[in-house]
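What follows is the content of upload-v4.csv (CSV, C-alpha atoms).
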chain,number,residue,atom,x,y,z
A,628,MET,CA,-11.8,-0.5,15.9
A,629,SER,CA,-12.4,-3.6,13.9
A,630,SER,CA,-14.6,-5.0,16.7
A,631,HIS,CA,-17.2,-2.4,15.9
A,632,ARG,CA,-17.4,-3.2,12.2
A,633,ALA,CA,-20.6,-4.6,10.9
A,634,THR,CA,-20.3,-8.2,9.7
A,635,LYS,CA,-20.2,-8.3,5.9
A,636,SER,CA,-22.6,-10.6,4.1
A,637,GLY,CA,-23.4,-11.6,0.5
A,638,LEU,CA,-21.1,-10.4,-2.2
A,639,GLY,CA,-19.0,-8.3,0.2
A,640,ALA,CA,-18.3,-11.3,2.4
A,641,ASP,CA,-17.4,-13.4,-0.7
A,642,ILE,CA,-14.9,-10.8,-1.9
A,643,GLU,CA,-13.3,-10.5,1.6
A,644,LYS,CA,-13.1,-14.3,1.9
A,645,LYS,CA,-11.5,-14.6,-1.5
A,646,GLN,CA,-9.0,-11.9,-0.7
A,647,GLU,CA,-8.1,-13.5,2.6
A,648,GLN,CA,-7.6,-16.9,0.9
A,649,LYS,CA,-5.3,-15.1,-1.7
A,650,TRP,CA,-3.2,-13.8,1.2
A,651,ASP,CA,-2.7,-17.4,2.5
A,652,ASP,CA,-1.7,-18.4,-1.0
A,653,MET,CA,0.7,-15.6,-1.4
A,654,GLU,CA,2.3,-16.5,2.0
A,655,ASP,CA,2.8,-20.0,0.8
A,656,GLU,CA,4.7,-18.5,-2.2
A,657,GLY,CA,6.8,-16.3,0.0
A,658,VAL,CA,5.6,-13.0,-1.6
A,659,PRO,CA,5.0,-11.0,1.6
A,660,GLN,CA,8.4,-12.1,3.0
A,661,ALA,CA,10.1,-11.0,-0.3
A,662,VAL,CA,8.3,-7.7,-0.2
A,663,CYS,CA,9.2,-7.1,3.4
A,664,ASP,CA,12.9,-8.0,2.9
A,665,TRP,CA,13.1,-5.8,-0.1
A,666,ILE,CA,11.6,-2.7,1.6
A,667,ASN,CA,14.0,-3.2,4.5
A,668,ALA,CA,16.9,-3.4,2.1
A,669,VAL,CA,15.8,-0.3,0.2
A,670,LEU,CA,15.3,1.7,3.3
A,671,ASP,CA,18.6,0.4,4.7
A,672,ASP,CA,18.0,1.5,8.3
A,673,PRO,CA,18.7,-1.2,10.9
A,674,ASN,CA,16.7,0.9,13.5
A,675,ASP,CA,13.6,1.0,11.3
A,676,VAL,CA,12.6,-2.3,9.9
A,677,CYS,CA,9.5,-4.3,9.1
A,678,GLU,CA,10.1,-7.1,11.7
A,679,ASP,CA,8.1,-9.8,10.0
A,680,ALA,CA,5.9,-10.5,7.0
A,681,GLY,CA,2.6,-10.8,8.8
A,682,TRP,CA,-0.2,-8.7,7.3
A,683,GLN,CA,-0.7,-6.8,10.6
A,684,THR,CA,3.0,-5.9,10.8
A,685,ILE,CA,3.1,-4.8,7.2
A,686,HIS,CA,0.0,-2.7,7.7
A,687,ARG,CA,1.4,-1.0,10.8
A,688,PHE,CA,4.8,-0.4,9.2
A,689,LEU,CA,3.4,1.2,6.0
A,690,LYS,CA,0.1,2.7,7.1
A,691,ASP,CA,1.2,6.4,7.3
A,692,GLY,CA,2.8,6.2,3.8
A,693,SER,CA,6.1,7.9,4.9
A,694,ARG,CA,8.2,4.8,4.5
A,695,LEU,CA,6.6,4.1,1.1
A,696,CYS,CA,7.6,7.7,0.1
A,697,ARG,CA,11.1,7.0,1.2
A,698,VAL,CA,11.2,3.9,-1.0
A,699,ALA,CA,9.8,6.0,-3.8
A,700,ASN,CA,12.6,8.6,-3.3
A,701,VAL,CA,15.3,5.9,-3.5
A,702,LEU,CA,13.8,4.6,-6.8
A,703,LEU,CA,13.6,8.2,-8.1
A,704,GLU,CA,17.2,8.9,-7.1
A,705,SER,CA,18.4,5.8,-8.9
A,706,GLU,CA,16.9,7.3,-12.1
A,707,GLY,CA,18.3,10.8,-11.5
A,708,GLN,CA,15.0,12.3,-10.6
A,709,PRO,CA,14.1,14.6,-7.7
A,710,GLY,CA,12.4,13.1,-4.7
A,711,ILE,CA,9.0,13.8,-3.3
A,712,LYS,CA,8.2,15.6,-0.1
A,713,PHE,CA,6.1,13.8,2.4
A,714,SER,CA,4.7,14.3,5.9
A,715,ARG,CA,5.3,12.4,9.2
A,716,ASN,CA,2.0,13.7,10.6
A,717,GLN,CA,-0.1,10.8,11.6
A,718,SER,CA,-3.5,12.3,10.8
A,719,ALA,CA,-5.6,10.6,8.2
A,720,PHE,CA,-5.3,13.4,5.7
A,721,PHE,CA,-1.5,13.4,5.6
A,722,CYS,CA,-1.3,9.6,5.6
A,723,MET,CA,-3.6,9.3,2.7
A,724,ASP,CA,-1.7,12.1,0.9
A,725,ASN,CA,1.6,10.3,1.4
A,726,ILE,CA,0.1,7.1,0.0
A,727,GLY,CA,-1.3,8.9,-3.0
A,728,LYS,CA,2.1,10.4,-3.8
A,729,PHE,CA,3.7,6.9,-3.6
A,730,LEU,CA,1.1,5.4,-5.9
A,731,LYS,CA,1.8,8.2,-8.4
A,732,VAL,CA,5.5,7.5,-8.3
A,733,ALA,CA,4.9,3.7,-8.6
A,734,GLU,CA,2.8,4.2,-11.7
A,735,ASN,CA,5.2,6.6,-13.4
A,736,TYR,CA,8.0,4.1,-12.5
A,737,GLY,CA,6.3,1.4,-14.5
A,738,VAL,CA,3.7,-0.4,-12.4
A,739,LYS,CA,0.5,-0.9,-14.3
A,740,ARG,CA,-2.5,0.9,-13.0
A,741,ASN,CA,-4.4,-2.4,-12.6
A,742,ASP,CA,-1.7,-3.6,-10.2
A,743,LEU,CA,-1.9,-0.5,-7.9
A,744,PHE,CA,-3.8,-0.7,-4.6
A,745,GLN,CA,-6.3,1.8,-3.4
A,746,SER,CA,-5.3,4.1,-0.6
A,747,ASN,CA,-8.0,2.6,1.7
A,748,ASP,CA,-6.6,-0.9,1.1
A,749,LEU,CA,-3.5,0.1,3.2
A,750,TYR,CA,-5.0,2.7,5.6
A,751,GLU,CA,-7.9,0.6,6.9
A,752,GLY,CA,-5.7,-2.4,7.9
A,753,LEU,CA,-7.7,-5.5,7.0
A,754,LYS,CA,-6.2,-8.8,5.9
A,755,GLY,CA,-8.0,-9.0,2.6
A,756,PRO,CA,-7.2,-5.6,1.2
A,757,THR,CA,-3.6,-5.9,2.4
A,758,VAL,CA,-3.3,-8.5,-0.4
A,759,ASN,CA,-3.7,-5.6,-2.8
A,760,VAL,CA,-1.0,-3.6,-1.1
A,761,VAL,CA,1.5,-6.5,-1.2
A,762,THR,CA,0.5,-7.3,-4.8
A,763,SER,CA,1.4,-3.7,-5.8
A,764,LEU,CA,4.7,-3.8,-4.0
A,765,HIS,CA,5.5,-7.1,-5.6
A,766,ALA,CA,4.8,-5.6,-9.0
A,767,LEU,CA,7.0,-2.6,-8.1
A,768,GLY,CA,9.8,-4.9,-7.0
A,769,LEU,CA,9.6,-6.8,-10.3
A,770,VAL,CA,9.7,-3.5,-12.3
A,771,SER,CA,12.7,-2.4,-10.3
A,772,LYS,CA,14.4,-5.8,-11.0
A,773,SER,CA,13.8,-5.3,-14.7
A,774,LYS,CA,15.7,-2.1,-14.4
A,775,SER,CA,18.6,-3.7,-12.6
A,776,PHE,CA,17.9,-1.7,-9.5
A,777,GLU,CA,19.9,-2.5,-6.4
A,778,PRO,CA,19.1,-3.9,-3.9
A,779,GLU,CA,17.5,-6.5,-6.2
A,780,TYR,CA,14.0,-7.7,-5.5
A,781,THR,CA,14.0,-11.5,-4.9
A,782,GLY,CA,10.3,-12.2,-5.4
A,783,ARG,CA,9.4,-14.4,-8.4
A,784,GLY,CA,6.6,-14.5,-10.9
A,785,ALA,CA,4.6,-11.8,-12.7
A,786,ILE,CA,1.3,-10.1,-12.0
A,787,ALA,CA,-1.5,-10.6,-14.5
A,788,ALA,CA,-2.2,-7.5,-16.5
A,789,GLU,CA,-5.9,-8.0,-16.4
A,790,ASN,CA,-8.0,-8.6,-13.3
A,791,PRO,CA,-4.9,-9.4,-11.1
A,792,ARG,CA,-7.0,-9.9,-8.0
A,793,GLY,CA,-9.0,-12.8,-9.4
A,794,PHE,CA,-12.5,-11.3,-9.1
A,795,THR,CA,-15.4,-11.5,-11.4
A,796,GLU,CA,-16.7,-8.3,-13.1
A,797,ASP,CA,-19.6,-8.1,-10.7
A,798,GLU,CA,-17.3,-8.4,-7.7
A,799,ILE,CA,-15.0,-5.7,-9.0
A,800,ARG,CA,-18.0,-3.4,-9.6
A,801,ALA,CA,-19.3,-4.0,-6.1
A,802,GLN,CA,-15.8,-3.5,-4.5
A,803,SER,CA,-15.3,-0.3,-6.5
A,804,ALA,CA,-18.7,1.0,-5.3
A,805,GLY,CA,-17.6,0.4,-1.7
A,806,ILE,CA,-14.3,2.1,-2.2
A,807,ILE,CA,-16.0,5.2,-3.8
A,808,SER,CA,-18.4,5.3,-0.9
A,809,LYS,CA,-15.6,5.2,1.7
A,810,GLN,CA,-13.6,7.8,-0.1
A,811,ALA,CA,-16.5,10.1,-0.3
A,812,ALA,CA,-17.1,9.8,3.4
A,813,ALA,CA,-13.5,10.3,4.1
A,814,SER,CA,-13.4,13.4,1.9
A,815,HIS,CA,-16.4,14.8,3.7
A,816,GLY,CA,-14.8,14.2,7.1
A,817,MET,CA,-11.6,15.9,6.0
A,818,ALA,CA,-13.4,18.8,4.6
A,819,SER,CA,-15.4,19.4,7.8
A,820,GLN,CA,-12.0,19.6,9.6
A,821,SER,CA,-10.4,21.9,7.2
A,822,GLY,CA,-8.7,24.8,8.9
A,823,MET,CA,-8.8,23.1,12.3
A,824,ARG,CA,-5.5,22.3,13.7
A,825,ALA,CA,-4.5,21.8,17.3
A,826,PRO,CA,-2.4,24.7,18.7
A,827,GLY,CA,1.3,24.1,18.2
A,828,THR,CA,1.0,21.5,15.5
A,829,GLY,CA,2.3,22.2,12.1
A,830,ARG,CA,3.0,20.3,9.0
A,831,HIS,CA,6.2,18.4,9.2
A,832,ILE,CA,7.8,17.7,5.8
A,833,ALA,CA,10.7,15.3,5.4
A,834,GLU,CA,13.0,15.3,2.4
What would the structure in this file look like if it were written as structure tokens?
Amino acid sequence: MSSHRATKSGLGADIEKKQEQKWDDMEDEGVPQAVCDWINAVLDDPNDVCEDAGWQTIHRFLKDGSRLCRVANVLLESEGQPGIKFSRNQSAFFCMDNIGKFLKVAENYGVKRNDLFQSNDLYEGLKGPTVNVVTSLHALGLVSKSKSFEPEYTGRGAIAAENPRGFTEDEIRAQSAGIISKQAAASHGMASQSGMRAPGTGRHIAE
């Protein structure tokens, strides 16, 4: 799929290059590994683990949002709150819905809105935007650590409250415009398929 993408140029290319460089910097600091280890510890399932901290592996492991929702439910349970329902259906609509539910829980748990990734950052599976995903999970881990949640998150440092991704205002506006455009296109595609479901497929909800 990525082989058919148009090559970015200008500001879009600069943003992507800056994001990819930030991934390399985060790797040097051990942030992706800390996030991967923590998620595996929270899920506590030896048969279902994120096997390494490479950005492609993290993307594949988290893409459908179901594991993020499971993490959210463990955090909610630790605070005596009811869990959220989520789907294991692999269609884009249900994956994006799962991701959205996780982001809502993360914000309510204490992660600042500026530190949250966009659903497309995870679903599209590109190296640069995966920085935003890991940055958000790092912030979530730090919040959980401040609440003495176990298993403890071992990542260090804090996320800047303002402009955590290190872009200029022009870059942020350009990136936001691209996100809005993609989300509008995705919404149009989902709407055109509303009511259409292959025979014998239903919505599978996991507690």
TODO: Rounded to one decimal place, report the CA of Phe721 in chain A-CA of Leu703 in chain A distance in Å.
DONE: 21.0 Å
Which residues of range 654-704 of chain A come within 12 Å of range 766-776 of chain A, and what is each one's closest atom pair and distance in Å (one decimal), counting all atoms listed in the file, sorted by chain and residue number, as a tab-separated table?
residue	atom	partner	partner_atom	distance
A:Val658	CA	A:Ala766	CA	10.5
A:Pro659	CA	A:Gly768	CA	11.6
A:Ala661	CA	A:Gly768	CA	9.1
A:Val662	CA	A:Gly768	CA	7.5
A:Cys663	CA	A:Gly768	CA	10.6
A:Asp664	CA	A:Gly768	CA	10.8
A:Trp665	CA	A:Gly768	CA	7.7
A:Ile666	CA	A:Gly768	CA	9.1
A:Ala668	CA	A:Gly768	CA	11.6
A:Val669	CA	A:Phe776	CA	10.0
A:Leu695	CA	A:Leu767	CA	11.4
A:Val698	CA	A:Leu767	CA	10.5
A:Ala699	CA	A:Leu767	CA	10.0
A:Val701	CA	A:Phe776	CA	10.0
A:Leu702	CA	A:Ser771	CA	7.9
A:Leu703	CA	A:Ser771	CA	10.9
A:Glu704	CA	A:Phe776	CA	10.9
TODO: Select, from A:Glu779, A:Val732, A:Met723, A:Asp675, the residue with the minimum atom-to-atom distance to Gln745 in chain A, counting all atoms listed in the file.
DONE: A:Met723
Could you list, as a compact mmCIF listing (two decimals) with C-alpha atoms, in the frame of the given file, every residue within 7 Å of range 676-682 of chain A, counting all atoms listed in the file and ignoring same-chain residues fewer than 5 positions away?
# COMPACT_ATOMS: atom_id res chain seq x y z
CA PRO A 659 5.00 -11.00 1.60
CA GLN A 660 8.40 -12.10 3.00
CA CYS A 663 9.20 -7.10 3.40
CA ASN A 667 14.00 -3.20 4.50
CA PHE A 688 4.80 -0.40 9.20
CA LYS A 754 -6.20 -8.80 5.90
CA THR A 757 -3.60 -5.90 2.40
Open item on the list: Applying 10 Å and only C-alpha atoms, which residues near Gln648 in chain A remain after dropping the ones on its own chain fewer than 6 positions away? List them as a list in words.
Closed with: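 Listed by chain and then number, they are Ile642, Glu654, Lys754, Gly755 and Val758 of chain A.
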Any chance you could export the current selection's C-alpha atoms as a compact mmCIF listing (two decimals), keeping the file's coordinate frame?
# COMPACT_ATOMS: atom_id res chain seq x y z
CA ILE A 642 -14.90 -10.80 -1.90
CA GLU A 654 2.30 -16.50 2.00
CA LYS A 754 -6.20 -8.80 5.90
CA GLY A 755 -8.00 -9.00 2.60
CA VAL A 758 -3.30 -8.50 -0.40
TODO: Go through A:Leu730, A:Asp672, A:Gln683, A:Ser718 one by one, measure the shortest atom-to-atom distance of each to Cys696 in chain A using only C-alpha atoms, and give the residue with the smallest value.
DONE: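 Of the candidates, the smallest distance to Cys696 in chain A is held by A:Leu730.
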So which residues touch range 692-694 of chain A within 8 Å, counting only C-alpha atoms, skipping near sequence neighbours fewer than 6 positions away, as a PDB file with C-alpha atoms, in the coordinates of the input?
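Output file result02.pdb follows:
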ATOM      1  CA  LEU A 670      15.300   1.700   3.300  1.00  0.00           C
ATOM      2  CA  PHE A 713       6.100  13.800   2.400  1.00  0.00           C
ATOM      3  CA  SER A 714       4.700  14.300   5.900  1.00  0.00           C
ATOM      4  CA  ARG A 715       5.300  12.400   9.200  1.00  0.00           C
ATOM      5  CA  CYS A 722      -1.300   9.600   5.600  1.00  0.00           C
ATOM      6  CA  MET A 723      -3.600   9.300   2.700  1.00  0.00           C
ATOM      7  CA  ASP A 724      -1.700  12.100   0.900  1.00  0.00           C
ATOM      8  CA  ASN A 725       1.600  10.300   1.400  1.00  0.00           C
ATOM      9  CA  ILE A 726       0.100   7.100   0.000  1.00  0.00           C
ATOM     10  CA  PHE A 729       3.700   6.900  -3.600  1.00  0.00           C
TER      11      PHE A 729
END
Task: Distance in Å - CA of Gly752 in chain A versus CA of Asp652 in chain A - done: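 Between these atoms lies a distance of 18.7 Å.
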Task: Interatomic distance (Å, one decimal) between CA of Phe744 in chain A and CA of Ser763 in chain A - done: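 Here the two named atoms are 6.1 Å from each other.
Minimum atom-to-atom distances from A:Thr781, A:Asp671, A:Asn759, A:Lys728 to Lys645 in chain A were compared using all atoms listed in the file, and the lowest value belongs to A:Asn759.
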As a PDB file, in the frame of the given file, the rebuilt range 753-765 of chain A with N, CA, C and O atoms:
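Saved result, out_4.pdb, follows:
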ATOM      1  N   LEU A 753      -7.039  -4.176   6.956  1.00  0.00           N
ATOM      2  CA  LEU A 753      -7.700  -5.500   7.000  1.00  0.00           C
ATOM      3  C   LEU A 753      -6.907  -6.483   6.199  1.00  0.00           C
ATOM      4  O   LEU A 753      -6.194  -6.130   5.263  1.00  0.00           O
ATOM      5  N   LYS A 754      -7.032  -7.731   6.563  1.00  0.00           N
ATOM      6  CA  LYS A 754      -6.200  -8.800   5.900  1.00  0.00           C
ATOM      7  C   LYS A 754      -6.451  -8.860   4.444  1.00  0.00           C
ATOM      8  O   LYS A 754      -5.488  -8.897   3.661  1.00  0.00           O
ATOM      9  N   GLY A 755      -7.727  -8.895   4.029  1.00  0.00           N
ATOM     10  CA  GLY A 755      -8.000  -9.000   2.600  1.00  0.00           C
ATOM     11  C   GLY A 755      -7.440  -7.926   1.757  1.00  0.00           C
ATOM     12  O   GLY A 755      -6.673  -8.189   0.819  1.00  0.00           O
ATOM     13  N   PRO A 756      -7.759  -6.651   2.051  1.00  0.00           N
ATOM     14  CA  PRO A 756      -7.200  -5.600   1.200  1.00  0.00           C
ATOM     15  C   PRO A 756      -5.687  -5.450   1.295  1.00  0.00           C
ATOM     16  O   PRO A 756      -5.090  -4.917   0.366  1.00  0.00           O
ATOM     17  N   THR A 757      -5.063  -5.965   2.357  1.00  0.00           N
ATOM     18  CA  THR A 757      -3.600  -5.900   2.400  1.00  0.00           C
ATOM     19  C   THR A 757      -2.995  -6.775   1.304  1.00  0.00           C
ATOM     20  O   THR A 757      -1.853  -6.553   0.888  1.00  0.00           O
ATOM     21  N   VAL A 758      -3.765  -7.737   0.788  1.00  0.00           N
ATOM     22  CA  VAL A 758      -3.300  -8.500  -0.400  1.00  0.00           C
ATOM     23  C   VAL A 758      -3.026  -7.537  -1.534  1.00  0.00           C
ATOM     24  O   VAL A 758      -2.014  -7.677  -2.235  1.00  0.00           O
ATOM     25  N   ASN A 759      -3.898  -6.554  -1.739  1.00  0.00           N
ATOM     26  CA  ASN A 759      -3.700  -5.600  -2.800  1.00  0.00           C
ATOM     27  C   ASN A 759      -2.458  -4.773  -2.643  1.00  0.00           C
ATOM     28  O   ASN A 759      -1.759  -4.446  -3.606  1.00  0.00           O
ATOM     29  N   VAL A 760      -2.171  -4.428  -1.381  1.00  0.00           N
ATOM     30  CA  VAL A 760      -1.000  -3.600  -1.100  1.00  0.00           C
ATOM     31  C   VAL A 760       0.280  -4.456  -1.437  1.00  0.00           C
ATOM     32  O   VAL A 760       1.177  -3.968  -2.141  1.00  0.00           O
ATOM     33  N   VAL A 761       0.334  -5.691  -0.977  1.00  0.00           N
ATOM     34  CA  VAL A 761       1.500  -6.500  -1.200  1.00  0.00           C
ATOM     35  C   VAL A 761       1.627  -6.879  -2.708  1.00  0.00           C
ATOM     36  O   VAL A 761       2.732  -6.923  -3.255  1.00  0.00           O
ATOM     37  N   THR A 762       0.483  -7.080  -3.376  1.00  0.00           N
ATOM     38  CA  THR A 762       0.500  -7.300  -4.800  1.00  0.00           C
ATOM     39  C   THR A 762       1.148  -6.164  -5.555  1.00  0.00           C
ATOM     40  O   THR A 762       1.963  -6.344  -6.468  1.00  0.00           O
ATOM     41  N   SER A 763       0.802  -4.942  -5.156  1.00  0.00           N
ATOM     42  CA  SER A 763       1.400  -3.700  -5.800  1.00  0.00           C
ATOM     43  C   SER A 763       2.865  -3.638  -5.534  1.00  0.00           C
ATOM     44  O   SER A 763       3.642  -3.317  -6.440  1.00  0.00           O
ATOM     45  N   LEU A 764       3.266  -3.894  -4.294  1.00  0.00           N
ATOM     46  CA  LEU A 764       4.700  -3.800  -4.000  1.00  0.00           C
ATOM     47  C   LEU A 764       5.483  -4.903  -4.651  1.00  0.00           C
ATOM     48  O   LEU A 764       6.637  -4.696  -5.045  1.00  0.00           O
ATOM     49  N   HIS A 765       4.864  -6.061  -4.807  1.00  0.00           N
ATOM     50  CA  HIS A 765       5.500  -7.100  -5.600  1.00  0.00           C
ATOM     51  C   HIS A 765       5.708  -6.708  -7.022  1.00  0.00           C
ATOM     52  O   HIS A 765       6.790  -6.904  -7.593  1.00  0.00           O
TER      53      HIS A 765
END
